[in-house]
file protein-v2.pdb (PDB, C-alpha atoms and all ligand atoms)
ATOM      1  CA  MET A   1      80.150  85.252  95.152  1.00  0.00           C
ATOM      2  CA  PRO A   2      77.926  88.104  96.411  1.00  0.00           C
ATOM      3  CA  MET A   3      76.116  87.539  99.722  1.00  0.00           C
ATOM      4  CA  THR A   4      72.286  87.626  99.762  1.00  0.00           C
ATOM      5  CA  ALA A   5      69.692  87.709 102.554  1.00  0.00           C
ATOM      6  CA  GLU A   6      69.506  83.873 102.418  1.00  0.00           C
ATOM      7  CA  ASP A   7      73.190  83.650 103.389  1.00  0.00           C
ATOM      8  CA  ILE A   8      72.920  85.681 106.598  1.00  0.00           C
ATOM      9  CA  ASP A   9      72.181  82.676 108.882  1.00  0.00           C
ATOM     10  CA  GLU A  10      75.292  80.825 107.712  1.00  0.00           C
ATOM     11  CA  VAL A  11      77.510  83.918 107.918  1.00  0.00           C
ATOM     12  CA  LEU A  12      76.114  84.866 111.337  1.00  0.00           C
ATOM     13  CA  ALA A  13      76.954  81.391 112.690  1.00  0.00           C
ATOM     14  CA  VAL A  14      80.609  81.900 111.709  1.00  0.00           C
ATOM     15  CA  GLU A  15      80.642  85.548 112.810  1.00  0.00           C
ATOM     16  CA  THR A  16      79.517  84.661 116.343  1.00  0.00           C
ATOM     17  CA  GLN A  17      82.105  81.868 116.422  1.00  0.00           C
ATOM     18  CA  VAL A  18      85.128  83.936 115.334  1.00  0.00           C
ATOM     19  CA  GLN A  19      84.624  87.576 116.358  1.00  0.00           C
ATOM     20  CA  VAL A  20      85.258  88.908 119.841  1.00  0.00           C
ATOM     21  CA  HIS A  21      82.415  91.395 119.354  1.00  0.00           C
ATOM     22  CA  PRO A  22      80.341  89.930 116.509  1.00  0.00           C
ATOM     23  CA  TRP A  23      78.081  91.847 114.179  1.00  0.00           C
ATOM     24  CA  THR A  24      74.384  91.261 114.795  1.00  0.00           C
ATOM     25  CA  ARG A  25      71.884  90.004 112.217  1.00  0.00           C
ATOM     26  CA  GLY A  26      70.630  93.609 111.997  1.00  0.00           C
ATOM     27  CA  GLN A  27      74.083  94.891 111.049  1.00  0.00           C
ATOM     28  CA  PHE A  28      74.355  92.383 108.178  1.00  0.00           C
ATOM     29  CA  GLN A  29      70.814  93.291 107.077  1.00  0.00           C
ATOM     30  CA  ASP A  30      71.639  97.024 107.239  1.00  0.00           C
ATOM     31  CA  SER A  31      74.707  96.416 105.075  1.00  0.00           C
ATOM     32  CA  LEU A  32      72.609  94.566 102.492  1.00  0.00           C
ATOM     33  CA  VAL A  33      70.084  97.419 102.437  1.00  0.00           C
ATOM     34  CA  ALA A  34      72.896  99.987 102.145  1.00  0.00           C
ATOM     35  CA  GLU A  35      74.198  97.969  99.181  1.00  0.00           C
ATOM     36  CA  HIS A  36      77.610  97.441 100.707  1.00  0.00           C
ATOM     37  CA  ALA A  37      79.604  94.864  98.764  1.00  0.00           C
ATOM     38  CA  MET A  38      79.283  91.551 100.633  1.00  0.00           C
ATOM     39  CA  TRP A  39      81.332  88.580  99.580  1.00  0.00           C
ATOM     40  CA  LEU A  40      81.255  84.884 100.306  1.00  0.00           C
ATOM     41  CA  MET A  41      84.079  82.499  99.531  1.00  0.00           C
ATOM     42  CA  SER A  42      83.351  78.752  99.357  1.00  0.00           C
ATOM     43  CA  LYS A  43      85.423  75.648  98.850  1.00  0.00           C
ATOM     44  CA  ASP A  44      83.807  72.268  98.107  1.00  0.00           C
ATOM     45  CA  ASP A  45      80.406  73.868  98.889  1.00  0.00           C
ATOM     46  CA  ALA A  46      81.529  74.914 102.387  1.00  0.00           C
ATOM     47  CA  LEU A  47      81.824  78.557 103.474  1.00  0.00           C
ATOM     48  CA  VAL A  48      85.507  79.445 104.030  1.00  0.00           C
ATOM     49  CA  GLY A  49      85.238  83.228 104.273  1.00  0.00           C
ATOM     50  CA  TYR A  50      83.091  86.347 104.041  1.00  0.00           C
ATOM     51  CA  ALA A  51      83.780  90.044 103.825  1.00  0.00           C
ATOM     52  CA  VAL A  52      81.870  93.326 103.732  1.00  0.00           C
ATOM     53  CA  THR A  53      83.190  96.472 102.048  1.00  0.00           C
ATOM     54  CA  MET A  54      81.841  99.979 101.523  1.00  0.00           C
ATOM     55  CA  ASN A  55      82.852 102.369  98.751  1.00  0.00           C
ATOM     56  CA  VAL A  56      83.435 105.957  99.881  1.00  0.00           C
ATOM     57  CA  VAL A  57      84.322 108.168  96.901  1.00  0.00           C
ATOM     58  CA  ASP A  58      87.680 106.765  95.757  1.00  0.00           C
ATOM     59  CA  GLU A  59      88.287 104.588  98.818  1.00  0.00           C
ATOM     60  CA  VAL A  60      87.137 101.078  99.682  1.00  0.00           C
ATOM     61  CA  HIS A  61      86.558 100.478 103.404  1.00  0.00           C
ATOM     62  CA  LEU A  62      86.819  96.931 104.716  1.00  0.00           C
ATOM     63  CA  LEU A  63      84.055  96.699 107.350  1.00  0.00           C
ATOM     64  CA  ASN A  64      84.228  93.011 108.221  1.00  0.00           C
ATOM     65  CA  ILE A  65      86.097  89.846 107.302  1.00  0.00           C
ATOM     66  CA  GLY A  66      85.941  86.390 108.829  1.00  0.00           C
ATOM     67  CA  VAL A  67      87.101  82.844 108.230  1.00  0.00           C
ATOM     68  CA  PRO A  68      85.604  79.844 110.131  1.00  0.00           C
ATOM     69  CA  THR A  69      87.863  78.685 112.966  1.00  0.00           C
ATOM     70  CA  GLU A  70      88.356  75.201 111.537  1.00  0.00           C
ATOM     71  CA  VAL A  71      89.782  76.528 108.248  1.00  0.00           C
ATOM     72  CA  GLN A  72      91.802  79.493 109.571  1.00  0.00           C
ATOM     73  CA  GLY A  73      95.522  79.617 108.822  1.00  0.00           C
ATOM     74  CA  LYS A  74      95.122  78.005 105.385  1.00  0.00           C
ATOM     75  CA  GLY A  75      95.337  81.144 103.278  1.00  0.00           C
ATOM     76  CA  HIS A  76      91.594  81.748 102.802  1.00  0.00           C
ATOM     77  CA  GLY A  77      91.685  85.155 104.514  1.00  0.00           C
ATOM     78  CA  SER A  78      94.618  86.228 102.317  1.00  0.00           C
ATOM     79  CA  ALA A  79      92.861  84.971  99.179  1.00  0.00           C
ATOM     80  CA  LEU A  80      89.647  86.835 100.016  1.00  0.00           C
ATOM     81  CA  LEU A  81      91.442  90.063 100.890  1.00  0.00           C
ATOM     82  CA  SER A  82      93.590  89.853  97.741  1.00  0.00           C
ATOM     83  CA  TYR A  83      90.371  89.512  95.729  1.00  0.00           C
ATOM     84  CA  ILE A  84      88.932  92.622  97.423  1.00  0.00           C
ATOM     85  CA  ILE A  85      92.131  94.572  96.709  1.00  0.00           C
ATOM     86  CA  GLU A  86      92.020  93.498  93.062  1.00  0.00           C
ATOM     87  CA  LEU A  87      88.361  94.553  92.723  1.00  0.00           C
ATOM     88  CA  ALA A  88      89.188  97.907  94.348  1.00  0.00           C
ATOM     89  CA  TRP A  89      92.054  98.395  91.910  1.00  0.00           C
ATOM     90  CA  HIS A  90      89.779  97.636  88.941  1.00  0.00           C
ATOM     91  CA  SER A  91      87.203 100.121  90.253  1.00  0.00           C
ATOM     92  CA  SER A  92      89.922 102.829  90.165  1.00  0.00           C
ATOM     93  CA  ALA A  93      89.878 103.260  93.941  1.00  0.00           C
ATOM     94  CA  LYS A  94      92.972 104.950  95.370  1.00  0.00           C
ATOM     95  CA  ARG A  95      93.222 102.862  98.524  1.00  0.00           C
ATOM     96  CA  VAL A  96      91.637 100.255 100.764  1.00  0.00           C
ATOM     97  CA  LEU A  97      91.152 101.315 104.404  1.00  0.00           C
ATOM     98  CA  LEU A  98      90.322  99.373 107.546  1.00  0.00           C
ATOM     99  CA  GLU A  99      90.335  99.543 111.332  1.00  0.00           C
ATOM    100  CA  VAL A 100      91.555  96.722 113.550  1.00  0.00           C
ATOM    101  CA  ARG A 101      91.849  96.121 117.299  1.00  0.00           C
ATOM    102  CA  VAL A 102      95.434  96.406 118.557  1.00  0.00           C
ATOM    103  CA  SER A 103      95.004  92.985 120.187  1.00  0.00           C
ATOM    104  CA  ASN A 104      93.909  91.174 117.000  1.00  0.00           C
ATOM    105  CA  LEU A 105      97.213  89.572 116.023  1.00  0.00           C
ATOM    106  CA  PRO A 106      95.848  87.157 113.357  1.00  0.00           C
ATOM    107  CA  ALA A 107      94.117  90.043 111.573  1.00  0.00           C
ATOM    108  CA  LEU A 108      97.209  92.274 111.857  1.00  0.00           C
ATOM    109  CA  ALA A 109      99.275  89.440 110.329  1.00  0.00           C
ATOM    110  CA  LEU A 110      96.767  89.076 107.504  1.00  0.00           C
ATOM    111  CA  TYR A 111      96.724  92.814 106.754  1.00  0.00           C
ATOM    112  CA  ALA A 112     100.529  93.117 106.828  1.00  0.00           C
ATOM    113  CA  ARG A 113     100.795  90.158 104.460  1.00  0.00           C
ATOM    114  CA  CYS A 114      98.402  91.912 102.043  1.00  0.00           C
ATOM    115  CA  GLY A 115     100.414  95.146 102.043  1.00  0.00           C
ATOM    116  CA  PHE A 116      98.486  97.277 104.564  1.00  0.00           C
ATOM    117  CA  LYS A 117     100.426  99.885 106.550  1.00  0.00           C
ATOM    118  CA  GLU A 118      99.426 101.648 109.764  1.00  0.00           C
ATOM    119  CA  ILE A 119      98.380 105.244 109.089  1.00  0.00           C
ATOM    120  CA  GLY A 120      96.931 106.174 112.484  1.00  0.00           C
ATOM    121  CA  ARG A 121      95.303 105.154 115.736  1.00  0.00           C
ATOM    122  CA  ARG A 122      91.893 105.831 117.208  1.00  0.00           C
ATOM    123  CA  ARG A 123      92.222 105.873 120.966  1.00  0.00           C
ATOM    124  CA  SER A 124      89.707 103.775 122.953  1.00  0.00           C
ATOM    125  CA  TYR A 125      87.707 103.124 119.776  1.00  0.00           C
ATOM    126  CA  TYR A 126      86.388  99.665 120.648  1.00  0.00           C
ATOM    127  CA  ALA A 127      84.600  98.261 123.669  1.00  0.00           C
ATOM    128  CA  ALA A 128      86.811  95.583 125.202  1.00  0.00           C
ATOM    129  CA  PHE A 129      86.240  92.975 127.899  1.00  0.00           C
ATOM    130  CA  GLU A 130      87.820  95.425 130.321  1.00  0.00           C
ATOM    131  CA  GLY A 131      87.446  99.091 129.416  1.00  0.00           C
ATOM    132  CA  ARG A 132      88.208 100.236 125.900  1.00  0.00           C
ATOM    133  CA  GLU A 133      90.711  99.300 123.219  1.00  0.00           C
ATOM    134  CA  ASP A 134      92.556 101.299 120.523  1.00  0.00           C
ATOM    135  CA  ALA A 135      91.953 100.819 116.813  1.00  0.00           C
ATOM    136  CA  ILE A 136      94.822 100.790 114.345  1.00  0.00           C
ATOM    137  CA  VAL A 137      93.821 102.447 111.071  1.00  0.00           C
ATOM    138  CA  MET A 138      95.521 100.785 108.111  1.00  0.00           C
ATOM    139  CA  ALA A 139      95.672 101.583 104.409  1.00  0.00           C
ATOM    140  CA  ARG A 140      96.663  99.647 101.322  1.00  0.00           C
ATOM    141  CA  GLU A 141      97.578 102.131  98.613  1.00  0.00           C
ATOM    142  CA  LEU A 142      96.631 101.111  95.064  1.00  0.00           C
ATOM    143  CA  ALA A 143      99.178 102.399  92.593  1.00  0.00           C
TER     144      ALA A 143
HETATM  145  C1  LIG B 201      91.823  87.399 110.465  1.00  0.00           C
HETATM  146  C2  LIG B 201      91.357  86.157 109.699  1.00  0.00           C
HETATM  147  C3  LIG B 201      90.253  86.600 108.704  1.00  0.00           C
HETATM  148  C4  LIG B 201      92.548  85.577 108.925  1.00  0.00           C
HETATM  149  O1  LIG B 201      92.055  84.534 108.080  1.00  0.00           O
HETATM  150  P1  LIG B 201      92.976  83.227 107.757  1.00  0.00           P
HETATM  151  O2  LIG B 201      92.308  82.500 106.651  1.00  0.00           O
HETATM  152  O3  LIG B 201      93.245  82.497 109.000  1.00  0.00           O
HETATM  153  O4  LIG B 201      94.314  83.960 107.240  1.00  0.00           O
HETATM  154  P2  LIG B 201      95.474  83.323 106.374  1.00  0.00           P
HETATM  155  O5  LIG B 201      95.482  81.829 106.522  1.00  0.00           O
HETATM  156  O6  LIG B 201      95.352  83.869 104.993  1.00  0.00           O
HETATM  157  O7  LIG B 201      96.736  83.911 107.108  1.00  0.00           O
HETATM  158  C5  LIG B 201      97.082  85.276 106.989  1.00  0.00           C
HETATM  159  C6  LIG B 201      98.183  85.593 107.962  1.00  0.00           C
HETATM  160  O8  LIG B 201      97.662  85.515 109.285  1.00  0.00           O
HETATM  161  C7  LIG B 201      98.479  84.646 110.083  1.00  0.00           C
HETATM  162  N1  LIG B 201      97.617  83.986 111.057  1.00  0.00           N
HETATM  163  C8  LIG B 201      96.549  83.203 110.792  1.00  0.00           C
HETATM  164  N2  LIG B 201      96.017  82.771 111.959  1.00  0.00           N
HETATM  165  C9  LIG B 201      96.791  83.289 112.952  1.00  0.00           C
HETATM  166  C10 LIG B 201      96.761  83.200 114.369  1.00  0.00           C
HETATM  167  N3  LIG B 201      95.827  82.492 115.014  1.00  0.00           N
HETATM  168  N4  LIG B 201      97.707  83.883 115.086  1.00  0.00           N
HETATM  169  C11 LIG B 201      98.641  84.636 114.448  1.00  0.00           C
HETATM  170  N5  LIG B 201      98.721  84.765 113.104  1.00  0.00           N
HETATM  171  C12 LIG B 201      97.809  84.073 112.380  1.00  0.00           C
HETATM  172  C13 LIG B 201      99.079  83.689 109.118  1.00  0.00           C
HETATM  173  O9  LIG B 201     100.255  83.156 109.663  1.00  0.00           O
HETATM  174  C14 LIG B 201      99.328  84.577 107.923  1.00  0.00           C
HETATM  175  O10 LIG B 201     100.506  85.330 108.043  1.00  0.00           O
HETATM  176  P3  LIG B 201     101.852  84.844 107.353  1.00  0.00           P
HETATM  177  O11 LIG B 201     101.504  84.482 105.956  1.00  0.00           O
HETATM  178  O12 LIG B 201     102.722  86.050 107.448  1.00  0.00           O
HETATM  179  O13 LIG B 201     102.278  83.672 108.152  1.00  0.00           O
HETATM  180  C15 LIG B 201      90.811  85.050 110.653  1.00  0.00           C
HETATM  181  O14 LIG B 201      91.801  84.790 111.619  1.00  0.00           O
HETATM  182  C16 LIG B 201      89.519  85.413 111.338  1.00  0.00           C
HETATM  183  O15 LIG B 201      88.427  85.165 110.822  1.00  0.00           O
HETATM  184  N6  LIG B 201      89.623  86.014 112.546  1.00  0.00           N
HETATM  185  C17 LIG B 201      88.446  86.371 113.313  1.00  0.00           C
HETATM  186  C18 LIG B 201      87.706  87.529 112.689  1.00  0.00           C
HETATM  187  C19 LIG B 201      88.558  88.784 112.659  1.00  0.00           C
HETATM  188  O16 LIG B 201      89.289  89.075 113.577  1.00  0.00           O
HETATM  189  N7  LIG B 201      88.411  89.541 111.554  1.00  0.00           N
HETATM  190  C20 LIG B 201      89.176  90.767 111.363  1.00  0.00           C
HETATM  191  C21 LIG B 201      88.631  91.916 112.091  1.00  0.00           C
HETATM  192  S1  LIG B 201      87.062  92.438 111.436  1.00  0.00           S
END
call {"tool": "encode", "arguments": {"input": "protein-v2.pdb", "output": "structure tokens", "more": "lines below"}}
Ligand SMILES: CC(C)(COP(=O)(O)OP(=O)(O)OC[C@H]1O[C@@H](n2cnc3c(N)ncnc32)[C@H](O)[C@@H]1OP(=O)(O)O)[C@@H](O)C(=O)NCCC(=O)NCCS
result
Amino acid sequence: MPMTAEDIDEVLAVETQVQVHPWTRGQFQDSLVAEHAMWLMSKDDALVGYAVTMNVVDEVHLLNIGVPTEVQGKGHGSALLSYIIELAWHSSAKRVLLEVRVSNLPALALYARCGFKEIGRRRSYYAAFEGREDAIVMARELA
């Protein structure tokens, strides 16, 4: 289900709960204005995941994905990412790209499970609690 401006409060509550360095309200608003694809996944009327993607020529960039703490580890992240990969494939994109903190083991597990492979590193890309942290750049090729 596409995200709208009315959903930002609910998404922001989860975002601040689950992300080490959460997006701000302004970043979600900017993404809506930029017409990035923004997805919500619900189960029994409760939010179980959200994601933001941006199309760049024939690539789809995953900008954000989150699952509420209390429903993590139940396959919702995999289901949402599989949906994004399927949409990308139908839109004739060549690959899905993303960046992830080297320390984010749950996300790395999710991306590996969905067929992403490391294609590079960006040194000191993210602010960390102490100093800076590398980003792993990953790609999921779409045959
Ligand atoms: C990353 C995230 C979206 C995964 O969502 P999820 O619904 O928990 O994922 P799934 O249940 O589909 O599990 C996917 C894989 O991650 C693994 N995983 C889930 N939680 C984990 C944890 N806390 N530690 C290690 N691995 C974990 C699962 O074991 C699974 O791998 P497997 O099938 O090989 O066992 C979720 O942990 C999250 O919202 N994290 C905070 C936000 C974030 O870091 N987003 C990504 C960067 S923008």
call {"tool": "resolve_selection", "arguments": {"input": "protein-v2.pdb", "expression": "the PyMOL selection byres (((chain A and resi 36) around 7) and not hetatm)", "output": "short mmCIF file (atom, residue, chain, number, x, y, z; two decimals) with C-alpha atoms, in the frame of the given file"}}
result
data_model
loop_
_atom_site.label_atom_id
_atom_site.label_comp_id
_atom_site.auth_asym_id
_atom_site.auth_seq_id
_atom_site.Cartn_x
_atom_site.Cartn_y
_atom_site.Cartn_z
CA SER A 31 74.71 96.42 105.08
CA LEU A 32 72.61 94.57 102.49
CA ALA A 34 72.90 99.99 102.14
CA GLU A 35 74.20 97.97 99.18
CA ALA A 37 79.60 94.86 98.76
CA MET A 38 79.28 91.55 100.63
CA VAL A 52 81.87 93.33 103.73
CA THR A 53 83.19 96.47 102.05
CA MET A 54 81.84 99.98 101.52
#
call {"tool": "residues_around", "arguments": {"input": "protein-v2.pdb", "residues": "segment 3-8 of chain A", "least_positions_apart": "2", "cutoff": "8 Å", "atoms": "only C-alpha atoms", "output": "list in words"}}
result
Met1, Glu10, Val11, Leu12, Arg25, Phe28, Gln29, Leu32, Met38, Trp39 and Leu40 of chain A
call {"tool": "closest_atom_pairs", "arguments": {"input": "protein-v2.pdb", "of": "chain A", "to": "ligand LIG 201 (chain B)", "cutoff": "9 Å", "atoms": "all atoms listed in the file", "output": "Markdown table"}}
result
| residue | atom | partner | partner_atom | distance |
| --- | --- | --- | --- | --- |
| A:Val14 | CA | B:LIG201 | O15 | 8.5 |
| A:Glu15 | CA | B:LIG201 | C18 | 7.3 |
| A:Gln17 | CA | B:LIG201 | C17 | 8.4 |
| A:Val18 | CA | B:LIG201 | C17 | 4.6 |
| A:Gln19 | CA | B:LIG201 | C18 | 4.8 |
| A:Val20 | CA | B:LIG201 | O16 | 7.5 |
| A:Pro22 | CA | B:LIG201 | C18 | 8.6 |
| A:Val48 | CA | B:LIG201 | O2 | 7.9 |
| A:Gly49 | CA | B:LIG201 | C3 | 7.5 |
| A:Tyr50 | CA | B:LIG201 | C3 | 8.5 |
| A:Ala51 | CA | B:LIG201 | S1 | 8.6 |
| A:Leu62 | CA | B:LIG201 | S1 | 8.1 |
| A:Leu63 | CA | B:LIG201 | S1 | 6.6 |
| A:Asn64 | CA | B:LIG201 | S1 | 4.3 |
| A:Ile65 | CA | B:LIG201 | N7 | 4.9 |
| A:Gly66 | CA | B:LIG201 | O15 | 3.4 |
| A:Val67 | CA | B:LIG201 | O15 | 3.7 |
| A:Pro68 | CA | B:LIG201 | O15 | 6.1 |
| A:Thr69 | CA | B:LIG201 | O15 | 6.8 |
| A:Val71 | CA | B:LIG201 | O2 | 6.7 |
| A:Gln72 | CA | B:LIG201 | O3 | 3.4 |
| A:Gly73 | CA | B:LIG201 | O5 | 3.2 |
| A:Lys74 | CA | B:LIG201 | O5 | 4.0 |
| A:Gly75 | CA | B:LIG201 | O6 | 3.2 |
| A:His76 | CA | B:LIG201 | O2 | 4.0 |
| A:Gly77 | CA | B:LIG201 | O2 | 3.5 |
| A:Ser78 | CA | B:LIG201 | O6 | 3.6 |
| A:Ala79 | CA | B:LIG201 | O6 | 6.4 |
| A:Leu80 | CA | B:LIG201 | O6 | 8.1 |
| A:Leu81 | CA | B:LIG201 | O6 | 8.4 |
| A:Leu98 | CA | B:LIG201 | S1 | 8.6 |
| A:Glu99 | CA | B:LIG201 | S1 | 7.8 |
| A:Val100 | CA | B:LIG201 | C21 | 5.8 |
| A:Arg101 | CA | B:LIG201 | C21 | 7.4 |
| A:Asn104 | CA | B:LIG201 | O16 | 6.1 |
| A:Leu105 | CA | B:LIG201 | C11 | 5.4 |
| A:Pro106 | CA | B:LIG201 | N5 | 3.7 |
| A:Ala107 | CA | B:LIG201 | C1 | 3.7 |
| A:Leu108 | CA | B:LIG201 | O8 | 7.2 |
| A:Ala109 | CA | B:LIG201 | O8 | 4.4 |
| A:Leu110 | CA | B:LIG201 | C6 | 3.8 |
| A:Tyr111 | CA | B:LIG201 | C6 | 7.5 |
| A:Ala112 | CA | B:LIG201 | O12 | 7.4 |
| A:Arg113 | CA | B:LIG201 | O12 | 5.4 |
| A:Cys114 | CA | B:LIG201 | C5 | 8.4 |
call {"tool": "resolve_selection", "arguments": {"input": "protein-v2.pdb", "expression": "the PyMOL selection byres (((chain A and resi 125) around 10) and not hetatm)", "output": "VMD selection string"}}
result
chain A and resid 99 to 101 121 to 124 126 to 128 132 to 136
call {"tool": "atom_distance", "arguments": {"input": "protein-v2.pdb", "atom1": "atom CA of Phe116 of chain A", "atom2": "atom CA of Ala93 of chain A"}}
result
14.9 Å
call {"tool": "closest_residue", "arguments": {"input": "protein-v2.pdb", "among": "A:Ala143, A:Ile84, A:Met138, A:Val56", "to": "Lys117 of chain A", "atoms": "all atoms listed in the file"}}
result
A:Met138
call {"tool": "atom_distance", "arguments": {"input": "protein-v2.pdb", "atom1": "atom CA of Ser92 of chain A", "atom2": "atom CA of Met41 of chain A"}}
result
23.1 Å
call {"tool": "atom_distance", "arguments": {"input": "protein-v2.pdb", "atom1": "atom CA of Leu87 of chain A", "atom2": "atom CA of Val60 of chain A"}}
result
9.6 Å
call {"tool": "closest_residue", "arguments": {"input": "protein-v2.pdb", "among": "A:Ile85, A:Trp23, A:His61, A:Glu70", "to": "Ala46 of chain A", "atoms": "only C-alpha atoms"}}
result
A:Glu70
call {"tool": "build_atoms", "arguments": {"input": "protein-v2.pdb", "residues": "segment 14-22 of chain A", "atoms": "all heavy atoms", "output": "compact mmCIF listing (two decimals), in the coordinates of the input"}}
result
# COMPACT_ATOMS: atom_id res chain seq x y z
N VAL A 14 79.14 81.78 111.68
CA VAL A 14 80.61 81.90 111.71
C VAL A 14 81.01 83.16 112.47
O VAL A 14 81.91 83.15 113.31
CB VAL A 14 81.19 81.92 110.28
CG1 VAL A 14 82.71 82.09 110.32
CG2 VAL A 14 80.83 80.65 109.52
N GLU A 15 80.33 84.26 112.18
CA GLU A 15 80.64 85.55 112.81
C GLU A 15 80.63 85.43 114.34
O GLU A 15 81.55 85.89 115.02
CB GLU A 15 79.62 86.60 112.34
CG GLU A 15 79.70 87.96 113.02
CD GLU A 15 80.81 88.85 112.52
OE1 GLU A 15 81.54 88.45 111.60
OE2 GLU A 15 80.96 89.96 113.07
N THR A 16 79.61 84.78 114.88
CA THR A 16 79.52 84.66 116.34
C THR A 16 80.58 83.69 116.88
O THR A 16 80.98 83.80 118.03
CB THR A 16 78.12 84.20 116.79
OG1 THR A 16 77.76 83.05 116.03
CG2 THR A 16 77.08 85.25 116.58
N GLN A 17 81.06 82.81 116.01
CA GLN A 17 82.10 81.87 116.42
C GLN A 17 83.48 82.55 116.47
O GLN A 17 84.27 82.29 117.36
CB GLN A 17 82.15 80.71 115.40
CG GLN A 17 83.27 79.72 115.60
CD GLN A 17 83.49 78.84 114.35
OE1 GLN A 17 83.49 79.32 113.23
NE2 GLN A 17 83.67 77.55 114.57
N VAL A 18 83.75 83.45 115.50
CA VAL A 18 85.13 83.94 115.33
C VAL A 18 85.39 85.34 115.87
O VAL A 18 86.53 85.68 116.16
CB VAL A 18 85.60 83.87 113.85
CG1 VAL A 18 85.54 82.44 113.35
CG2 VAL A 18 84.83 84.81 112.94
N GLN A 19 84.36 86.18 115.96
CA GLN A 19 84.62 87.58 116.36
C GLN A 19 84.48 87.76 117.86
O GLN A 19 83.57 87.20 118.46
CB GLN A 19 83.64 88.54 115.67
CG GLN A 19 83.70 88.52 114.16
CD GLN A 19 84.82 89.38 113.57
OE1 GLN A 19 85.70 89.88 114.29
NE2 GLN A 19 84.80 89.54 112.28
N VAL A 20 85.34 88.58 118.42
CA VAL A 20 85.26 88.91 119.84
C VAL A 20 83.96 89.68 120.12
O VAL A 20 83.26 89.42 121.09
CB VAL A 20 86.48 89.77 120.27
CG1 VAL A 20 86.47 89.99 121.76
CG2 VAL A 20 87.77 89.11 119.83
N HIS A 21 83.67 90.63 119.24
CA HIS A 21 82.42 91.40 119.35
C HIS A 21 81.69 91.29 118.01
O HIS A 21 81.86 92.13 117.13
CB HIS A 21 82.70 92.86 119.71
CG HIS A 21 83.29 93.02 121.08
ND1 HIS A 21 82.54 93.17 122.22
CD2 HIS A 21 84.57 93.00 121.50
CE1 HIS A 21 83.32 93.25 123.27
NE2 HIS A 21 84.58 93.16 122.87
N PRO A 22 80.92 90.19 117.84
CA PRO A 22 80.34 89.93 116.51
C PRO A 22 79.29 90.94 116.06
O PRO A 22 78.60 91.53 116.89
CB PRO A 22 79.70 88.54 116.68
CG PRO A 22 79.60 88.29 118.12
CD PRO A 22 80.58 89.17 118.84
